[in-house]
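Chemist: My file is final_9.tsv. It has TSV, C-alpha atoms:
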```tsv
chain	number	residue	atom	x	y	z
A	1	MET	CA	-13.10	63.94	-6.22
A	2	LYS	CA	-9.39	64.61	-6.68
A	3	ARG	CA	-7.21	62.52	-4.35
A	4	VAL	CA	-4.75	64.73	-2.46
A	5	THR	CA	-1.93	63.72	-0.12
A	6	ILE	CA	-1.75	65.68	3.13
A	7	PRO	CA	1.47	65.46	5.18
A	8	VAL	CA	0.65	65.10	8.89
A	9	ALA	CA	3.05	64.99	11.86
A	10	TYR	CA	2.36	62.87	14.92
A	11	MET	CA	3.98	61.46	18.04
A	12	PRO	CA	3.97	57.67	18.53
A	13	LEU	CA	1.20	57.44	21.12
A	14	VAL	CA	-2.03	55.49	21.39
A	15	ASP	CA	-3.96	58.73	21.00
A	16	ALA	CA	-2.53	59.15	17.49
A	17	ALA	CA	-4.90	56.30	16.58
A	18	PRO	CA	-7.44	58.42	14.63
A	19	LEU	CA	-4.74	59.45	12.15
A	20	ILE	CA	-3.38	55.95	11.74
A	21	VAL	CA	-6.83	54.38	11.50
A	22	ALA	CA	-8.04	56.99	9.02
A	23	GLN	CA	-5.21	56.15	6.66
A	24	GLU	CA	-5.09	52.38	7.15
A	25	MET	CA	-8.83	51.65	7.33
A	26	GLY	CA	-9.89	53.72	4.34
A	27	PHE	CA	-11.60	56.68	6.02
A	28	ALA	CA	-9.12	59.09	4.43
A	29	ASP	CA	-9.49	57.46	1.03
A	30	ALA	CA	-13.28	57.81	1.26
A	31	GLU	CA	-12.74	61.57	1.53
A	32	GLY	CA	-10.42	61.61	-1.47
A	33	ILE	CA	-7.26	62.16	0.57
A	34	ALA	CA	-4.21	60.20	1.67
A	35	LEU	CA	-2.32	60.92	4.88
A	36	ASP	CA	1.47	61.00	4.73
A	37	LEU	CA	2.04	60.26	8.41
A	38	ILE	CA	5.40	61.50	9.70
A	39	ALA	CA	6.51	60.37	13.15
A	40	ALA	CA	8.36	63.06	15.08
A	41	PRO	CA	10.99	62.57	17.82
A	42	SER	CA	9.57	65.26	20.13
A	43	TRP	CA	6.64	67.62	20.54
A	44	SER	CA	8.79	70.62	19.71
A	45	SER	CA	9.51	68.90	16.39
A	46	VAL	CA	5.79	68.39	15.74
A	47	ARG	CA	5.09	72.06	16.46
A	48	ASP	CA	7.95	73.31	14.31
A	49	MET	CA	7.15	70.98	11.40
A	50	LEU	CA	3.65	72.43	11.30
A	51	ALA	CA	4.64	76.04	11.96
A	52	PHE	CA	7.27	76.12	9.23
A	53	GLY	CA	5.26	74.27	6.57
A	54	ARG	CA	6.92	70.84	6.60
A	55	VAL	CA	3.45	69.38	7.19
A	56	ASP	CA	-0.06	70.77	6.77
A	57	ALA	CA	-1.63	69.26	9.89
A	58	ALA	CA	-0.55	67.70	13.16
A	59	HIS	CA	-1.53	65.55	16.10
A	60	MET	CA	-0.94	68.25	18.73
A	61	LEU	CA	-1.01	68.73	22.49
A	62	SER	CA	-4.19	70.62	23.32
A	63	PRO	CA	-2.48	73.61	25.04
A	64	VAL	CA	0.01	74.31	22.24
A	65	PRO	CA	-2.24	76.41	19.96
A	66	VAL	CA	-3.40	78.37	23.02
A	67	ALA	CA	0.17	78.93	24.23
A	68	MET	CA	1.23	80.09	20.77
A	69	ALA	CA	-1.68	82.56	20.64
A	70	MET	CA	-0.41	83.93	23.96
A	71	GLY	CA	3.10	84.41	22.62
A	72	LEU	CA	4.61	81.52	24.56
A	73	GLY	CA	7.24	79.17	23.15
A	74	GLY	CA	8.99	81.47	20.71
A	75	VAL	CA	7.07	80.41	17.56
A	76	ALA	CA	4.67	83.03	16.21
A	77	THR	CA	2.82	81.15	13.43
A	78	ALA	CA	-0.96	81.36	13.90
A	79	MET	CA	-2.38	77.90	14.66
A	80	SER	CA	-5.95	76.63	14.77
A	81	ALA	CA	-7.30	73.62	16.65
A	82	VAL	CA	-10.07	72.56	14.27
A	83	SER	CA	-11.15	69.50	16.26
A	84	VAL	CA	-10.23	67.45	19.31
A	85	LEU	CA	-8.64	64.09	18.46
A	86	SER	CA	-8.75	62.54	21.93
A	87	VAL	CA	-9.91	63.13	25.49
A	88	ASN	CA	-7.94	61.85	28.51
A	89	GLY	CA	-5.39	59.03	28.18
A	90	ASN	CA	-2.58	60.18	30.50
A	91	VAL	CA	-1.08	58.34	33.46
A	92	ILE	CA	0.92	59.61	36.43
A	93	GLY	CA	3.59	57.22	37.64
A	94	VAL	CA	6.49	57.04	40.07
A	95	GLY	CA	9.91	55.43	39.89
A	96	LYS	CA	11.02	52.48	42.00
A	97	PRO	CA	12.48	54.53	44.88
A	98	LEU	CA	9.22	56.41	45.41
A	99	GLU	CA	7.16	53.27	44.84
A	100	GLU	CA	9.06	51.46	47.60
A	101	LYS	CA	8.70	54.39	50.01
A	102	LEU	CA	4.97	54.58	49.31
A	103	ARG	CA	4.51	50.86	49.88
A	104	ALA	CA	6.46	51.13	53.14
A	105	ILE	CA	3.81	53.48	54.56
A	106	GLY	CA	0.98	51.25	53.36
A	107	PHE	CA	-0.08	53.07	50.21
A	108	GLU	CA	-2.16	50.67	48.12
A	109	PHE	CA	-1.85	52.09	44.58
A	110	ASP	CA	-5.63	52.07	44.20
A	111	PHE	CA	-5.32	54.30	41.08
A	112	VAL	CA	-8.36	56.32	42.13
A	113	ASP	CA	-7.84	59.02	44.76
A	114	PRO	CA	-5.61	62.01	43.86
A	115	VAL	CA	-5.94	63.58	47.33
A	116	LYS	CA	-4.79	60.41	49.07
A	117	ALA	CA	-1.99	59.89	46.55
A	118	ALA	CA	-0.72	63.44	47.05
A	119	ARG	CA	-0.84	63.07	50.83
A	120	ALA	CA	1.22	59.88	50.63
A	121	LEU	CA	3.76	61.45	48.27
A	122	ALA	CA	4.13	64.46	50.56
A	123	LYS	CA	4.96	62.13	53.44
A	124	VAL	CA	7.75	60.25	51.66
A	125	ARG	CA	9.40	62.87	49.46
A	126	GLY	CA	12.76	64.30	50.42
A	127	GLY	CA	12.13	67.54	48.53
A	128	PRO	CA	10.34	68.65	45.37
A	129	ILE	CA	9.49	65.70	43.13
A	130	ILE	CA	10.96	65.85	39.64
A	131	PHE	CA	8.24	64.95	37.15
A	132	GLY	CA	9.01	64.09	33.54
A	133	VAL	CA	6.48	65.49	31.07
A	134	PRO	CA	6.45	65.43	27.27
A	135	PHE	CA	6.38	69.21	26.70
A	136	PRO	CA	6.17	72.45	28.73
A	137	PHE	CA	2.82	73.37	27.14
A	138	SER	CA	0.79	70.22	27.63
A	139	MET	CA	-2.19	68.87	29.51
A	140	HIS	CA	0.33	66.76	31.44
A	141	VAL	CA	1.82	69.91	32.97
A	142	GLU	CA	-1.57	71.54	33.57
A	143	LEU	CA	-2.93	68.47	35.35
A	144	LEU	CA	0.18	68.14	37.53
A	145	ARG	CA	0.20	71.81	38.53
A	146	TYR	CA	-3.53	71.85	39.19
A	147	TRP	CA	-3.27	68.70	41.32
A	148	SER	CA	-0.21	69.71	43.31
A	149	ALA	CA	-1.46	73.23	44.05
A	150	ALA	CA	-4.72	71.90	45.51
A	151	THR	CA	-3.24	69.08	47.63
A	152	ASP	CA	-0.58	68.37	50.24
A	153	LEU	CA	2.09	68.44	47.55
A	154	GLY	CA	1.72	72.21	47.33
A	155	PRO	CA	2.40	74.58	44.40
A	156	ASN	CA	6.17	74.27	44.93
A	157	GLY	CA	6.15	70.53	45.53
A	158	ILE	CA	6.95	69.50	41.97
A	159	VAL	CA	9.63	70.30	39.40
A	160	ILE	CA	8.85	69.87	35.70
A	161	ARG	CA	11.40	68.34	33.32
A	162	THR	CA	10.78	67.69	29.62
A	163	VAL	CA	11.32	64.15	28.34
A	164	PRO	CA	10.02	62.82	24.97
A	165	PRO	CA	7.35	60.15	25.61
A	166	PRO	CA	9.29	57.16	24.20
A	167	LEU	CA	12.23	58.01	26.50
A	168	MET	CA	10.19	58.38	29.69
A	169	ALA	CA	10.74	54.83	31.00
A	170	SER	CA	14.50	54.99	30.51
A	171	ALA	CA	14.71	58.44	32.14
A	172	LEU	CA	12.85	57.01	35.13
A	173	ALA	CA	15.07	53.92	35.27
A	174	VAL	CA	18.34	55.90	35.43
A	175	GLY	CA	17.00	58.39	37.97
A	176	ASP	CA	16.87	61.48	35.76
A	177	ILE	CA	13.30	61.94	36.98
A	178	ASP	CA	11.42	60.76	40.08
A	179	ALA	CA	8.01	60.44	38.48
A	180	PHE	CA	6.16	61.21	35.26
A	181	CYS	CA	2.93	62.16	33.57
A	182	VAL	CA	2.75	60.72	30.06
A	183	GLY	CA	0.36	59.34	27.48
A	184	GLU	CA	0.06	55.64	26.84
A	185	PRO	CA	1.65	53.27	26.01
A	186	TRP	CA	4.74	54.82	27.61
A	187	GLY	CA	3.52	54.58	31.20
A	188	SER	CA	2.78	50.90	30.66
A	189	VAL	CA	6.23	50.47	29.11
A	190	ALA	CA	7.74	51.77	32.38
A	191	VAL	CA	5.72	49.17	34.30
A	192	GLU	CA	6.75	46.38	31.92
A	193	GLN	CA	10.41	47.34	32.22
A	194	GLY	CA	10.18	47.34	36.02
A	195	SER	CA	11.25	50.96	36.37
A	196	GLY	CA	8.11	52.24	38.07
A	197	ALA	CA	4.44	51.98	38.99
A	198	LEU	CA	1.35	53.88	37.93
A	199	LEU	CA	-0.10	56.15	40.60
A	200	LEU	CA	-3.11	57.84	39.01
A	201	PRO	CA	-4.95	58.19	35.70
A	202	GLY	CA	-5.30	61.72	34.38
A	203	THR	CA	-9.07	61.25	34.61
A	204	SER	CA	-8.84	61.30	38.40
A	205	ILE	CA	-7.83	64.98	38.21
A	206	TRP	CA	-10.05	66.14	35.33
A	207	SER	CA	-12.52	63.56	34.08
A	208	PHE	CA	-12.90	65.02	30.57
A	209	ALA	CA	-9.67	66.78	29.64
A	210	PRO	CA	-8.95	67.58	25.97
A	211	GLU	CA	-5.66	65.82	25.31
A	212	LYS	CA	-4.76	66.06	21.61
A	213	VAL	CA	-6.18	68.30	18.91
A	214	LEU	CA	-6.01	68.34	15.15
A	215	ALA	CA	-3.93	71.46	14.56
A	216	VAL	CA	-3.38	73.26	11.28
A	217	ARG	CA	-1.89	76.59	10.33
A	218	THR	CA	-4.69	79.15	10.40
A	219	GLU	CA	-3.68	80.30	6.94
A	220	TRP	CA	-4.01	76.72	5.60
A	221	ALA	CA	-7.46	76.27	7.15
A	222	GLU	CA	-8.62	79.45	5.44
A	223	THR	CA	-7.02	78.90	2.03
A	224	GLU	CA	-7.73	75.14	1.86
A	225	PRO	CA	-11.21	74.83	3.35
A	226	ASP	CA	-12.10	71.78	1.24
A	227	LEU	CA	-9.04	69.81	2.36
A	228	THR	CA	-9.55	70.93	5.96
A	229	GLY	CA	-13.09	69.57	5.89
A	230	ARG	CA	-12.09	66.29	4.25
A	231	LEU	CA	-9.37	65.73	6.85
A	232	MET	CA	-11.66	66.55	9.77
A	233	ARG	CA	-14.38	64.21	8.55
A	234	ALA	CA	-11.97	61.34	7.92
A	235	LEU	CA	-10.61	61.63	11.46
A	236	TRP	CA	-14.08	61.92	12.97
A	237	ARG	CA	-15.11	58.68	11.28
A	238	ALA	CA	-11.90	57.01	12.45
A	239	GLY	CA	-12.67	58.11	16.01
A	240	ARG	CA	-16.20	56.71	15.75
A	241	TRP	CA	-14.74	53.38	14.57
A	242	LEU	CA	-12.30	53.38	17.49
A	243	ALA	CA	-15.17	53.88	19.94
A	244	ASP	CA	-16.61	50.48	18.99
A	245	PRO	CA	-15.36	47.88	21.50
A	246	ASP	CA	-15.28	45.32	18.70
A	247	ALA	CA	-12.58	47.37	16.97
A	248	ARG	CA	-10.10	47.17	19.85
A	249	LEU	CA	-8.20	44.10	18.73
A	250	ALA	CA	-7.77	45.36	15.18
A	251	ALA	CA	-6.81	48.82	16.41
A	252	ALA	CA	-4.22	47.50	18.88
A	253	THR	CA	-2.70	45.25	16.22
A	254	LEU	CA	-2.56	48.10	13.71
A	255	LEU	CA	-0.97	50.60	16.09
A	256	SER	CA	1.58	48.04	17.30
A	257	ARG	CA	3.27	47.84	13.89
A	258	LYS	CA	6.94	48.76	13.77
A	259	SER	CA	6.11	51.67	11.47
A	260	TYR	CA	3.86	53.20	14.12
A	261	LEU	CA	4.28	52.57	17.89
A	262	ASP	CA	6.44	49.42	17.72
A	263	VAL	CA	5.24	48.00	21.06
A	264	PRO	CA	3.29	44.80	21.82
A	265	PRO	CA	-0.44	45.12	21.00
A	266	GLU	CA	-1.38	44.09	24.54
A	267	LEU	CA	0.18	47.31	25.87
A	268	ILE	CA	-1.91	49.34	23.44
A	269	ASP	CA	-5.05	47.41	24.36
A	270	ARG	CA	-4.64	48.48	27.99
A	271	ALA	CA	-5.20	52.10	27.02
A	272	LEU	CA	-8.02	51.31	24.59
A	273	SER	CA	-9.85	49.20	27.15
A	274	GLY	CA	-8.98	51.13	30.32
A	275	HIS	CA	-7.73	47.90	31.94
A	276	LEU	CA	-4.30	48.94	33.19
A	277	LEU	CA	-1.53	47.04	34.92
A	278	VAL	CA	-0.22	49.49	37.51
A	279	SER	CA	2.85	47.66	38.78
A	280	ASP	CA	5.15	44.74	38.11
A	281	ARG	CA	3.37	42.95	40.97
A	282	GLY	CA	0.48	42.31	38.59
A	283	GLU	CA	-1.95	44.80	40.19
A	284	GLN	CA	-4.72	45.61	37.69
A	285	ARG	CA	-7.10	48.56	37.71
A	286	LYS	CA	-10.09	49.47	35.50
A	287	VAL	CA	-10.67	53.10	34.54
A	288	ASP	CA	-13.92	54.06	32.81
A	289	GLY	CA	-13.39	56.68	30.12
A	290	PHE	CA	-9.62	56.34	30.32
A	291	LEU	CA	-9.18	57.35	26.66
A	292	LEU	CA	-12.00	58.64	24.45
A	293	PHE	CA	-12.03	59.29	20.71
A	294	HIS	CA	-15.71	59.98	20.01
A	295	GLU	CA	-18.22	59.72	22.86
A	296	GLY	CA	-19.86	62.72	24.48
A	297	ALA	CA	-18.97	65.23	21.74
A	298	ALA	CA	-15.32	64.42	22.45
A	299	ASN	CA	-14.24	65.91	19.11
A	300	PHE	CA	-15.89	69.31	19.51
A	301	PRO	CA	-13.34	72.13	20.11
A	302	TRP	CA	-15.01	73.81	23.10
A	303	ARG	CA	-13.81	77.38	23.54
A	304	SER	CA	-14.32	77.04	27.28
A	305	GLN	CA	-11.59	74.37	27.27
A	306	ALA	CA	-9.27	76.80	25.51
A	307	LYS	CA	-10.15	79.44	28.12
A	308	TRP	CA	-9.39	77.04	30.98
A	309	ILE	CA	-6.00	76.30	29.45
A	310	GLY	CA	-5.34	79.97	28.73
A	311	GLN	CA	-6.27	81.07	32.22
A	312	HIS	CA	-3.87	78.60	33.81
A	313	LEU	CA	-1.06	79.45	31.41
A	314	ALA	CA	-1.59	83.15	32.12
A	315	GLN	CA	-1.52	82.61	35.88
A	316	TYR	CA	1.64	80.52	35.80
A	317	HIS	CA	3.57	82.66	33.32
A	318	GLY	CA	2.29	85.99	34.61
A	319	ILE	CA	0.96	87.20	31.28
A	320	GLY	CA	-2.36	88.19	29.78
A	321	SER	CA	-5.57	88.91	31.59
A	322	ALA	CA	-9.11	87.63	31.79
A	323	THR	CA	-10.14	90.07	29.07
A	324	ASP	CA	-7.72	88.42	26.64
A	325	MET	CA	-9.29	84.99	26.95
A	326	ASP	CA	-12.10	85.59	24.45
A	327	ALA	CA	-9.64	86.31	21.66
A	328	ILE	CA	-7.25	83.54	22.70
A	329	SER	CA	-10.05	80.96	22.89
A	330	LYS	CA	-10.85	81.47	19.22
A	331	VAL	CA	-7.89	79.26	18.28
A	332	TYR	CA	-10.34	76.44	19.12
A	333	ARG	CA	-12.30	76.78	15.88
A	334	ALA	CA	-15.83	75.79	16.86
A	335	GLU	CA	-17.23	77.66	13.86
A	336	LEU	CA	-15.10	75.66	11.42
A	337	TYR	CA	-16.14	72.42	13.13
A	338	ARG	CA	-19.80	73.34	12.62
A	339	MET	CA	-19.17	74.31	8.99
A	340	HIS	CA	-17.20	71.22	7.96
A	341	MET	CA	-18.78	68.47	10.04
A	342	GLY	CA	-22.40	68.88	9.05
A	343	ALA	CA	-21.93	66.36	6.23
A	344	THR	CA	-21.26	63.59	8.75
A	345	GLY	CA	-24.68	63.93	10.36
A	346	CYS	CA	-23.08	64.30	13.80
A	347	ASP	CA	-25.12	66.22	16.36
A	348	MET	CA	-23.71	69.63	17.23
A	349	PRO	CA	-23.91	71.25	20.68
A	350	GLY	CA	-26.08	74.35	20.79
A	351	ALA	CA	-23.29	76.45	22.31
A	352	SER	CA	-19.54	76.69	21.78
A	353	GLU	CA	-18.79	76.99	25.50
A	354	LYS	CA	-19.90	75.24	28.64
A	355	VAL	CA	-19.19	75.39	32.36
A	356	GLU	CA	-16.09	73.21	32.74
A	357	GLY	CA	-16.26	70.92	35.76
A	358	ALA	CA	-20.01	71.11	36.26
A	359	ILE	CA	-21.21	67.80	34.80
A	360	LEU	CA	-21.30	65.07	37.44
A	361	HIS	CA	-23.31	62.54	35.44
A	362	ALA	CA	-24.04	61.88	31.77
A	363	THR	CA	-26.33	64.77	30.82
A	364	PRO	CA	-28.48	65.46	27.74
A	365	VAL	CA	-27.87	68.99	26.44
A	366	ALA	CA	-29.31	71.34	23.84
A	367	SER	CA	-28.11	70.35	20.39
A	368	ALA	CA	-29.01	70.66	16.74
A	369	ALA	CA	-30.71	67.25	16.59
A	370	GLY	CA	-31.62	66.91	20.24
A	371	THR	CA	-29.67	63.66	20.65
A	372	LEU	CA	-26.46	64.82	22.34
A	373	THR	CA	-25.42	63.62	25.79
A	374	LEU	CA	-22.29	64.98	27.45
A	375	LEU	CA	-20.24	62.68	29.66
A	376	PRO	CA	-19.14	63.52	33.23
A	377	ASN	CA	-16.84	66.55	33.27
A	378	HIS	CA	-15.57	67.35	36.77
A	379	PHE	CA	-12.40	68.25	38.63
A	380	PHE	CA	-11.19	66.26	41.63
A	381	ASN	CA	-11.55	69.26	43.96
A	382	ALA	CA	-15.11	70.07	42.77
A	383	GLN	CA	-14.19	73.46	41.30
A	384	VAL	CA	-16.10	74.77	38.31
A	385	PHE	CA	-14.86	77.19	35.68
A	386	ASP	CA	-17.49	79.48	34.17
A	387	PHE	CA	-16.34	82.08	31.69
A	388	PRO	CA	-18.37	84.92	30.14
A	389	PRO	CA	-19.36	83.96	26.58
A	390	ASP	CA	-17.44	85.55	23.71
```
Could you take the file, read its structure, and then write that structure out as structure tokens?
Modeler:
Amino acid sequence: MKRVTIPVAYMPLVDAAPLIVAQEMGFADAEGIALDLIAAPSWSSVRDMLAFGRVDAAHMLSPVPVAMAMGLGGVATAMSAVSVLSVNGNVIGVGKPLEEKLRAIGFEFDFVDPVKAARALAKVRGGPIIFGVPFPFSMHVELLRYWSAATDLGPNGIVIRTVPPPLMASALAVGDIDAFCVGEPWGSVAVEQGSGALLLPGTSIWSFAPEKVLAVRTEWAETEPDLTGRLMRALWRAGRWLADPDARLAAATLLSRKSYLDVPPELIDRALSGHLLVSDRGEQRKVDGFLLFHEGAANFPWRSQAKWIGQHLAQYHGIGSATDMDAISKVYRAELYRMHMGATGCDMPGASEKVEGAILHATPVASAAGTLTLLPNHFFNAQVFDFPPD
């Protein structure tokens, strides 16, 4: 097998772990590839590096390929999400001024109840709350808008401002933003620096939200099917390794290196374990399923997830229609996943779509080998999203 180097862009986040682990722990080498991992300063840089051919693959925000298929963002290159790299992993936090106001009315920072948290924020805010997010087309934005529209915050109760993840804590400290939604470890960095407190995990809004995808140019996936498959399999095996609790220490140490995240390994371990420190008062909270890399068919690119994202983007931006969603959802390449991942022996779901929000408990589902169990997938307000199949 000829060894080929694939340039891949990523943002320094804990959920970039499958890429880093695949290269450092030999999963890429076992597939006859090497990953040239290129850290980017912002998500727009990641998107543009991929779109314009600087790299062949990228660690990408799950809504970006959908947004591009809808003509949003000003970049027209056709992108494909060939697998999901991670599920969940975001935190919502507030700066010191809001933290102090919340504590003054007795809010306990239980890190559980999004309805109660929104009610408390609505009581203490002086106007719309400015939330820092990593990119306009991101699960961070979709979770915030979904949450605010369905609670006392209201659809006009938040203002979105883009801040690169590594700069989120400093933006909070100087008052450029009031609050944030960001991936780890950057929420924990804000806590460590004393600039804010964590209010909610993203899982409290949607318990199984696709966070990052492996994105490639559609043209590359079609002209380089062998490399696409090798890359997907290497990352799948890295995600399986990350799902082993015994791998946490090694993973945290690896990701903490200066060449990758350059933060203390204990901050990375918080995300990997779901044991989070929510304030500089030492308050600790445990979140099951805080960040997933493998369990519950986490890596499968469900077209129903793409439709959920597309529907919400269409509603907010006033474009598209329900009839467009079938075509748009095909940027989540379930058929390529089935084609390339069979060699791993992983069990495949029997369908490429499901009812989003309808799984309250771990549930066995129809699959190729009959061994697949999906994890809880529900929204905080008990809505379900059922789309006609394509």
Chemist: Would you mind telling me which residue in A:Leu313, A:Ala362, A:Met339, A:Cys181 lies nearest to A:Val91 when using all atoms listed in the file?
Modeler: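 Counting all atoms listed in the file, the residue closest to A:Val91 is A:Cys181.
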Chemist: What lies within 6 Å of stretch 17-26 of chain A using all atoms listed in the file, ignoring chain neighbours under 3 positions off, as a PyMOL selection string?
Modeler: chain A and resi 14+29+35+234-235+238-239
Chemist: Name the closest residue to A:Asp269 among the candidates A:Ala250, A:Val287, A:Leu227, A:Leu121; distances are taken between atoms, counting only C-alpha atoms.
Modeler: A:Ala250
Chemist: How far is it from atom CA of A:Thr344 to atom CA of A:Glu211, in Å with one decimal?
Modeler: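 Separation between atom CA of A:Thr344 and atom CA of A:Glu211: 22.9 Å.
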Chemist: Using Å and a single decimal, report how far atom CA of A:Ser138 sits from atom CA of A:Leu98.
Modeler: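 Between atom CA of A:Leu98 and atom CA of A:Ser138 the gap is 24.0 Å.
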Chemist: Only N, CA, C and O atoms, as a compact mmCIF listing (two decimals), in the first residue's frame: that is what I want for stretch 352-368 of chain A.
Modeler:
```txt
# COMPACT_ATOMS: atom_id res chain seq x y z
N SER A 352 -30.86 5.81 6.50
CA SER A 352 -29.95 6.96 6.52
C SER A 352 -30.57 8.17 7.19
O SER A 352 -29.94 9.22 7.28
N GLU A 353 -31.81 8.02 7.65
CA GLU A 353 -32.49 9.08 8.39
C GLU A 353 -33.19 8.49 9.59
O GLU A 353 -33.49 7.29 9.63
N LYS A 354 -33.47 9.33 10.56
CA LYS A 354 -34.24 8.92 11.72
C LYS A 354 -35.04 10.12 12.21
O LYS A 354 -34.85 11.24 11.74
N VAL A 355 -35.94 9.88 13.14
CA VAL A 355 -36.71 10.98 13.72
C VAL A 355 -35.84 11.63 14.79
O VAL A 355 -35.57 11.04 15.82
N GLU A 356 -35.37 12.85 14.52
CA GLU A 356 -34.50 13.53 15.48
C GLU A 356 -35.31 14.00 16.68
O GLU A 356 -36.37 14.61 16.54
N GLY A 357 -34.80 13.67 17.87
CA GLY A 357 -35.47 14.08 19.11
C GLY A 357 -36.40 13.05 19.69
O GLY A 357 -37.04 13.32 20.71
N ALA A 358 -36.47 11.86 19.09
CA ALA A 358 -37.47 10.89 19.52
C ALA A 358 -36.94 9.77 20.39
O ALA A 358 -37.72 8.92 20.83
N ILE A 359 -35.64 9.74 20.66
CA ILE A 359 -35.07 8.63 21.43
C ILE A 359 -34.81 9.09 22.86
O ILE A 359 -33.91 9.90 23.11
N LEU A 360 -35.60 8.61 23.79
CA LEU A 360 -35.48 9.03 25.18
C LEU A 360 -34.53 8.15 25.98
O LEU A 360 -34.00 8.57 27.01
N HIS A 361 -34.33 6.93 25.52
CA HIS A 361 -33.46 5.98 26.21
C HIS A 361 -32.63 5.23 25.16
O HIS A 361 -33.00 5.20 23.98
N ALA A 362 -31.52 4.64 25.58
CA ALA A 362 -30.74 3.83 24.65
C ALA A 362 -31.65 2.79 24.01
O ALA A 362 -32.36 2.06 24.71
N THR A 363 -31.61 2.72 22.66
CA THR A 363 -32.60 1.93 21.93
C THR A 363 -31.96 1.11 20.83
O THR A 363 -31.31 1.67 19.94
N PRO A 364 -32.12 -0.22 20.86
CA PRO A 364 -31.65 -1.05 19.73
C PRO A 364 -32.45 -0.70 18.48
O PRO A 364 -33.67 -0.48 18.54
N VAL A 365 -31.77 -0.66 17.33
CA VAL A 365 -32.44 -0.32 16.07
C VAL A 365 -32.02 -1.29 14.98
O VAL A 365 -31.03 -2.02 15.12
N ALA A 366 -32.78 -1.28 13.89
CA ALA A 366 -32.46 -2.15 12.76
C ALA A 366 -31.10 -1.76 12.20
O ALA A 366 -30.81 -0.58 11.99
N SER A 367 -30.27 -2.77 11.97
CA SER A 367 -28.93 -2.53 11.46
C SER A 367 -28.46 -3.75 10.69
O SER A 367 -29.07 -4.82 10.75
N ALA A 368 -27.34 -3.57 9.99
CA ALA A 368 -26.84 -4.65 9.15
C ALA A 368 -26.52 -5.91 9.95
O ALA A 368 -26.82 -7.03 9.52
```
